[in-house]
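Below is data-v8.txt, holding compact mmCIF, C-alpha atoms.
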# COMPACT_ATOMS: atom_id res chain seq x y z
CA MET A 17 0.00 0.00 0.00
CA LEU A 18 1.44 3.36 -1.00
CA GLN A 19 1.94 5.55 2.04
CA GLU A 20 0.65 9.11 1.78
CA ARG A 21 3.48 11.54 1.13
CA THR A 22 3.70 15.29 1.40
CA GLY A 23 5.99 17.72 -0.34
CA GLN A 24 6.49 21.44 -0.66
CA GLU A 25 5.80 23.37 -3.84
CA GLY A 26 5.54 26.96 -5.03
CA ARG A 27 5.86 30.33 -3.36
CA ALA A 28 3.21 29.40 -0.84
CA ARG A 29 5.22 26.26 0.03
CA LYS A 30 2.21 24.03 -0.35
CA GLN A 31 2.33 20.57 1.21
CA PHE A 32 0.98 18.51 -1.69
CA ARG A 33 -0.18 15.03 -0.76
CA VAL A 34 0.32 11.95 -2.94
CA ALA A 35 -1.38 8.60 -2.32
CA MET A 36 -3.29 5.83 -4.07
CA ALA A 37 -7.06 6.11 -4.30
CA ARG A 38 -8.52 4.04 -1.46
CA HIS A 39 -12.16 3.82 -2.53
CA GLN A 40 -14.43 4.47 -5.49
CA ASP A 41 -15.20 8.07 -4.53
CA GLU A 42 -11.51 8.89 -4.85
CA VAL A 43 -11.33 7.11 -8.21
CA ARG A 44 -14.22 9.30 -9.35
CA GLU A 45 -12.21 12.39 -8.38
CA ALA A 46 -9.44 11.23 -10.72
CA GLN A 47 -11.99 10.54 -13.47
CA ARG A 48 -13.47 14.02 -12.99
CA LEU A 49 -10.05 15.64 -13.41
CA ARG A 50 -9.43 13.54 -16.52
CA TRP A 51 -12.74 14.70 -18.00
CA LYS A 52 -11.82 18.31 -17.30
CA VAL A 53 -8.39 18.01 -18.93
CA PHE A 54 -9.07 15.58 -21.78
CA GLY A 55 -12.71 16.33 -22.55
CA GLU A 56 -13.15 20.02 -21.81
CA GLU A 57 -9.64 21.35 -22.35
CA MET A 58 -8.36 19.09 -25.14
CA GLY A 59 -11.69 18.39 -26.81
CA ALA A 60 -11.26 14.61 -26.79
CA ARG A 61 -14.22 12.43 -27.72
CA LEU A 62 -14.63 10.40 -24.55
CA THR A 63 -16.84 7.32 -24.56
CA THR A 64 -18.10 7.19 -21.00
CA PRO A 65 -21.22 5.93 -19.21
CA GLU A 66 -21.35 9.09 -17.09
CA PRO A 67 -20.80 12.58 -18.55
CA GLY A 68 -18.43 14.65 -16.47
CA LEU A 69 -16.28 11.62 -15.67
CA ASP A 70 -13.74 9.94 -17.95
CA ILE A 71 -14.53 6.26 -17.35
CA ASP A 72 -13.36 3.36 -19.45
CA PHE A 73 -13.17 -0.43 -19.28
CA TYR A 74 -9.65 -0.49 -17.79
CA ASP A 75 -10.35 1.77 -14.81
CA ALA A 76 -11.80 -0.99 -12.66
CA TYR A 77 -8.58 -3.01 -13.02
CA CYS A 78 -6.19 -0.12 -12.35
CA GLU A 79 -4.80 1.57 -9.29
CA HIS A 80 -5.15 5.35 -9.33
CA LEU A 81 -2.40 7.62 -8.04
CA LEU A 82 -3.58 11.03 -6.81
CA VAL A 83 -1.92 14.32 -5.92
CA ARG A 84 -4.04 16.69 -3.82
CA ASP A 85 -3.88 20.37 -3.04
CA PRO A 86 -3.93 20.36 0.78
CA ASP A 87 -5.79 23.68 1.00
CA SER A 88 -8.76 22.73 -1.16
CA GLY A 89 -8.45 18.94 -0.96
CA GLU A 90 -8.88 18.88 -4.74
CA VAL A 91 -7.19 16.21 -6.86
CA VAL A 92 -4.84 18.18 -9.13
CA GLY A 93 -2.82 15.36 -10.68
CA THR A 94 -3.37 11.70 -11.44
CA TYR A 95 -1.89 8.60 -13.06
CA ARG A 96 -3.49 5.23 -13.46
CA ILE A 97 -1.39 2.13 -13.03
CA LEU A 98 -2.06 -1.29 -14.54
CA SER A 99 0.02 -4.05 -12.95
CA PRO A 100 1.08 -7.19 -14.84
CA ASP A 101 -1.40 -9.32 -12.86
CA ALA A 102 -4.23 -6.87 -13.55
CA ALA A 103 -3.34 -6.75 -17.26
CA LYS A 104 -3.56 -10.54 -17.30
CA ARG A 105 -7.02 -10.42 -15.70
CA VAL A 106 -8.33 -7.77 -18.09
CA GLY A 107 -6.78 -9.57 -21.08
CA SER A 108 -4.45 -6.85 -22.35
CA TYR A 109 -2.67 -3.63 -21.63
CA TYR A 110 -4.48 -0.48 -22.72
CA SER A 111 -1.51 0.24 -25.01
CA GLU A 112 -2.38 -2.85 -27.03
CA ASN A 113 -5.34 -0.96 -28.46
CA GLU A 114 -2.81 1.30 -30.17
CA PHE A 115 0.30 -0.84 -30.61
CA ASP A 116 1.36 -4.40 -31.35
CA LEU A 117 3.41 -5.24 -28.23
CA THR A 118 4.48 -8.72 -29.36
CA ARG A 119 8.18 -7.96 -28.92
CA LEU A 120 7.58 -7.01 -25.28
CA GLN A 121 5.91 -10.33 -24.53
CA HIS A 122 8.86 -11.59 -22.47
CA LEU A 123 8.67 -8.50 -20.22
CA ARG A 124 4.96 -8.76 -19.37
CA SER A 125 5.38 -10.34 -15.93
CA ARG A 126 7.60 -7.42 -14.88
CA MET A 127 5.98 -4.57 -16.82
CA VAL A 128 3.68 -1.92 -15.31
CA GLU A 129 1.62 0.28 -17.62
CA LEU A 130 1.08 3.97 -16.97
CA GLY A 131 -1.80 5.89 -18.49
CA ARG A 132 -4.28 8.75 -18.32
CA SER A 133 -1.67 11.09 -16.84
CA CYS A 134 -2.94 14.61 -16.36
CA VAL A 135 -2.40 17.69 -14.22
CA HIS A 136 -4.92 20.46 -13.53
CA GLY A 137 -4.27 23.54 -15.66
CA ASP A 138 -3.50 25.71 -12.64
CA TYR A 139 -0.78 23.36 -11.36
CA ARG A 140 1.52 22.72 -14.30
CA SER A 141 4.70 24.26 -12.92
CA GLY A 142 6.37 20.86 -12.62
CA GLY A 143 5.88 20.15 -8.94
CA VAL A 144 2.75 18.02 -9.29
CA ILE A 145 4.26 15.68 -11.88
CA THR A 146 7.33 15.34 -9.64
CA HIS A 147 5.07 14.18 -6.82
CA LEU A 148 3.37 11.71 -9.17
CA TRP A 149 6.76 10.29 -10.15
CA ALA A 150 7.73 9.98 -6.49
CA GLY A 151 4.55 8.00 -5.89
CA LEU A 152 5.27 5.80 -8.91
CA ALA A 153 8.81 5.16 -7.67
CA GLU A 154 7.48 4.01 -4.30
CA TYR A 155 4.96 1.74 -6.03
CA MET A 156 7.66 0.17 -8.22
CA LEU A 157 9.98 -0.40 -5.26
CA LYS A 158 7.25 -2.10 -3.25
CA SER A 159 5.91 -4.18 -6.14
CA GLY A 160 9.32 -5.26 -7.39
CA HIS A 161 8.45 -4.67 -11.06
CA GLU A 162 11.23 -3.61 -13.42
CA TYR A 163 9.70 -1.86 -16.45
CA LEU A 164 7.30 1.02 -17.04
CA VAL A 165 5.44 1.15 -20.35
CA GLY A 166 3.00 3.67 -21.76
CA SER A 167 2.75 6.42 -24.32
CA ALA A 168 3.42 10.14 -24.40
CA SER A 169 0.75 12.12 -26.20
CA ILE A 170 1.59 14.96 -28.57
CA GLY A 171 -1.17 17.38 -29.56
CA MET A 172 -2.02 17.63 -33.26
CA ALA A 173 -3.45 21.13 -33.50
CA ASP A 174 -0.84 21.80 -36.21
CA GLY A 175 -1.86 18.73 -38.18
CA GLY A 176 0.93 16.54 -36.81
CA HIS A 177 4.06 18.33 -38.07
CA ASN A 178 5.41 18.88 -34.55
CA ALA A 179 4.78 15.23 -33.72
CA ALA A 180 6.67 14.16 -36.84
CA GLY A 181 9.57 16.40 -35.86
CA ILE A 182 9.61 14.95 -32.35
CA TRP A 183 9.70 11.39 -33.72
CA HIS A 184 12.61 12.12 -36.06
CA ALA A 185 14.55 13.85 -33.26
CA ALA A 186 13.77 11.21 -30.63
CA LYS A 187 14.73 8.24 -32.80
CA GLU A 188 18.23 9.66 -33.21
CA LYS A 189 18.98 9.64 -29.47
CA HIS A 190 16.34 7.62 -27.66
CA LEU A 191 15.27 4.72 -29.89
CA ALA A 192 14.88 1.40 -28.08
CA PRO A 193 16.80 -1.65 -29.33
CA ILE A 194 15.11 -3.63 -32.08
CA GLU A 195 13.98 -6.39 -29.71
CA TRP A 196 11.80 -3.85 -27.87
CA ARG A 197 10.17 -2.29 -30.94
CA VAL A 198 6.39 -1.97 -31.08
CA PHE A 199 4.22 -1.12 -34.07
CA PRO A 200 1.27 1.29 -34.29
CA ARG A 201 -2.08 -0.10 -35.36
CA CYS A 202 -3.11 3.31 -36.73
CA PRO A 203 0.21 4.92 -37.70
CA LEU A 204 0.69 8.66 -37.91
CA PRO A 205 1.17 9.30 -41.67
CA LEU A 206 4.75 10.51 -41.27
CA GLU A 207 5.47 10.41 -45.01
CA SER A 208 2.86 13.11 -45.64
CA LEU A 209 4.01 15.42 -42.85
CA GLU A 210 6.71 18.06 -42.84
CA SER A 211 8.79 17.58 -39.72
CA ALA A 212 8.98 20.70 -37.60
CA ALA A 213 12.57 21.98 -37.71
CA ALA A 214 12.59 22.78 -33.99
CA PRO A 215 9.94 20.50 -32.47
CA VAL A 216 8.48 21.41 -29.09
CA LEU A 217 8.36 18.44 -26.70
CA PRO A 218 5.41 18.18 -24.31
CA PRO A 219 6.63 18.45 -20.69
CA LEU A 220 5.67 14.84 -19.88
CA LEU A 221 7.64 13.42 -22.82
CA LYS A 222 10.59 15.64 -22.00
CA GLY A 223 10.46 14.34 -18.44
CA TYR A 224 10.31 10.69 -19.54
CA LEU A 225 13.38 11.11 -21.74
CA ARG A 226 15.29 12.81 -18.95
CA LEU A 227 14.45 9.89 -16.68
CA GLY A 228 16.01 7.51 -19.19
CA ALA A 229 12.99 6.24 -21.13
CA GLN A 230 13.34 4.88 -24.65
CA VAL A 231 11.03 5.37 -27.62
CA CYS A 232 9.87 1.97 -28.88
CA GLY A 233 8.66 2.90 -32.34
CA GLU A 234 6.72 5.28 -34.55
CA PRO A 235 3.78 7.22 -33.10
CA ALA A 236 0.20 6.06 -33.38
CA TRP A 237 -2.61 8.45 -34.23
CA ASP A 238 -5.44 8.55 -31.72
CA PRO A 239 -8.39 10.17 -33.54
CA ASP A 240 -10.56 10.39 -30.41
CA PHE A 241 -7.98 12.45 -28.53
CA ASN A 242 -6.49 13.95 -31.74
CA THR A 243 -3.01 13.14 -30.50
CA ALA A 244 0.07 11.36 -31.78
CA ASP A 245 1.02 8.80 -29.13
CA LEU A 246 4.68 7.89 -28.85
CA PRO A 247 5.33 4.47 -27.24
CA ILE A 248 7.69 4.68 -24.27
CA LEU A 249 9.51 2.03 -22.22
CA LEU A 250 11.53 2.79 -19.10
CA PRO A 251 13.64 -0.04 -17.68
CA LEU A 252 14.34 0.96 -14.08
CA ARG A 253 17.94 -0.15 -14.45
CA ASN A 254 18.33 2.62 -17.07
CA LEU A 255 16.93 5.31 -14.79
CA ASN A 256 19.06 8.45 -14.87
CA PRO A 257 21.32 8.23 -11.76
CA VAL A 258 20.25 11.67 -10.55
CA TYR A 259 16.60 10.61 -10.55
CA ALA A 260 17.42 7.17 -9.17
CA ARG A 261 19.00 8.81 -6.12
CA HIS A 262 16.06 11.16 -5.71
CA PHE A 263 13.12 8.85 -6.34
CA LEU A 264 14.45 5.37 -5.59
CA LYS A 265 16.82 6.42 -2.78
CA ARG A 266 19.72 4.65 -4.48
CA PRO A 267 23.22 5.64 -3.31
Could you spell out this file's structure in structure tokens?
Amino acid sequence: MLQERTGQEGRARKQFRVAMARHQDEVREAQRLRWKVFGEEMGARLTTPEPGLDIDFYDAYCEHLLVRDPDSGEVVGTYRILSPDAAKRVGSYYSENEFDLTRLQHLRSRMVELGRSCVHGDYRSGGVITHLWAGLAEYMLKSGHEYLVGSASIGMADGGHNAAGIWHAAKEKHLAPIEWRVFPRCPLPLESLESAAAPVLPPLLKGYLRLGAQVCGEPAWDPDFNTADLPILLPLRNLNPVYARHFLKRP
């Protein structure tokens, strides 16, 4: 069980709290934030049984990591976590809707999937995502799993040119070895896009790459979210030593 943590952030030195959702009401708080960010802010087409909440089939099998503002009690950041055992029960990882993960088959028993990451628009200075990563690190240490898998979403308001530029830049420095390659089911049409000369990386993707994550293949196009999703794999043994000392308490 993840222990609740606190940490300071911002000029007001807020004591943000990070912990796993303990009951369904707390899961609904995460789903409400996701609706606000993905549905209202990003304009995603969310298929959900309850408007105002982003609910999908995988939620019931996932653990939900929450960061709260201690003053208001509001959930201002969230991740959902799908363990290998839960993925086995549900029948797949969420990522398998977008990518063929056959080459990661041998990692499945040690591979945790991250998804639905979002931070409230008023709290995107970097501190909230740092608290989420600290919570993830504690989860990984306690569970003993060795790999994090997921995708980093890139907005396509420009038609995908920035996403194409990010892919071409990332594959030069961060491409995973061939045995870890995955393949998009609905590929971004890279051949018809002009790669942005100076692509702008979303903060989450930039953070993943700084941690030591590798890009496992070309981006998929998600028409419901209108994003290009770049597949990411982070072996904990490759974690940047600076972050390993900070998050995993390694010497």
Within 10 Å of (-7.4, 19.1, -17.6) (coordinates as in the file), grab all the protein and nucleic acid residues, counting only C-alpha atoms, and write them out as number ranges by chain. A: 48-58, 92-93, 133-138
Check which residues of range 52-134 of chain A sit at most 12 Å from range 194-211 of chain A using only C-alpha atoms, and return one row each with the closest pair of atoms and their distance in Å to one decimal, ordered by chain and rising number, as CSV.
residue,atom,partner,partner_atom,distance
A:Ser111,CA,A:Pro200,CA,9.7
A:Glu112,CA,A:Arg201,CA,8.8
A:Asn113,CA,A:Arg201,CA,7.7
A:Glu114,CA,A:Arg201,CA,5.4
A:Phe115,CA,A:Pro200,CA,4.4
A:Asp116,CA,A:Phe199,CA,5.1
A:Leu117,CA,A:Val198,CA,5.3
A:Thr118,CA,A:Val198,CA,7.2
A:Arg119,CA,A:Trp196,CA,5.6
A:Leu120,CA,A:Trp196,CA,5.9
A:Gln121,CA,A:Trp196,CA,9.4
A:His122,CA,A:Trp196,CA,9.9
A:Leu123,CA,A:Trp196,CA,9.5
A:Arg124,CA,A:Trp196,CA,12.0
What's the 12 Å shell around Met172 in chain A, counting all atoms listed in the file, without same-chain residues fewer than 3 positions away, as an MDAnalysis selection string? chainID A and resid 58:60 169 175:182 204 209 216 218 235:245
Tyr155 in chain A proximity check over A:Arg140, A:Glu79, A:Asn256, A:Pro215, using only C-alpha atoms: winner is A:Glu79
Return the single residue from A:Val231, A:Pro65, A:Val83, A:Met36 that is closest to Gly143 in chain A, with distances computed using all atoms listed in the file. A:Val83
Quick one: everything within 12 Å of Ala192 in chain A, counting all atoms listed in the file, minus sequence neighbours fewer than 3 positions away in the same chain. Send it as a ChimeraX atom specification. /A:119-120,186-189,195-198,225,228-234,247-251,254
Go through A:Arg105, A:Arg33, A:His190, A:Arg132 and flag the residue nearest Pro86 in chain A, using only C-alpha atoms for the distances. A:Arg33
Pick from A:Arg44, A:Lys222, A:His147, A:His161, whichever lies nearest to Leu252 in chain A using all atoms listed in the file: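 Checking each of A:Arg44, A:Lys222, A:His147, A:His161 against Leu252 in chain A, counting all atoms listed in the file, the winner is A:His161.
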When you look at Gly107 in chain A with a cut-off of 12 Å (counting all atoms listed in the file), what residues show up, excluding the ones that are within fewer than 5 positions of it in the same chain? I need them as a VMD selection string. chain A and resid 73 to 74 77 98 to 102 112 to 113 124
Output of the above residues as a PDB file, keeping the file's coordinate frame, restricted to C-alpha atoms:
ATOM      1  CA  PHE A  73     -13.170  -0.430 -19.280  1.00  0.00           C
ATOM      2  CA  TYR A  74      -9.650  -0.490 -17.790  1.00  0.00           C
ATOM      3  CA  TYR A  77      -8.580  -3.010 -13.020  1.00  0.00           C
ATOM      4  CA  LEU A  98      -2.060  -1.290 -14.540  1.00  0.00           C
ATOM      5  CA  SER A  99       0.020  -4.050 -12.950  1.00  0.00           C
ATOM      6  CA  PRO A 100       1.080  -7.190 -14.840  1.00  0.00           C
ATOM      7  CA  ASP A 101      -1.400  -9.320 -12.860  1.00  0.00           C
ATOM      8  CA  ALA A 102      -4.230  -6.870 -13.550  1.00  0.00           C
ATOM      9  CA  GLU A 112      -2.380  -2.850 -27.030  1.00  0.00           C
ATOM     10  CA  ASN A 113      -5.340  -0.960 -28.460  1.00  0.00           C
ATOM     11  CA  ARG A 124       4.960  -8.760 -19.370  1.00  0.00           C
TER      12      ARG A 124
END
Which residue, A:Ala103, A:Leu220, A:Val91, A:Cys78, has the smallest gap to Ile145 in chain A when you use only C-alpha atoms?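 Checking each candidate against Ile145 in chain A, we get A:Leu220 as the closest.
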Atomic distance CA of Gln40 in chain A - CA of Gly68 in chain A, expressed in Å with one decimal: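 Between these atoms lies a distance of 15.5 Å.
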Would you compute the distance between CA of Glu129 in chain A and CA of Asp174 in chain A? Give it in Å to one decimal. 28.5 Å
Which value, in Å to one decimal, gives the distance between CA of Lys30 in chain A and CA of Ala168 in chain A?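 CA of Ala168 in chain A lies 27.8 Å from CA of Lys30 in chain A.
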From A:Val165, A:Val43, A:Leu191, A:Ala173, residue lying nearest Ile71 in chain A [only C-alpha atoms]: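 The closest residue to Ile71 in chain A is A:Val43.
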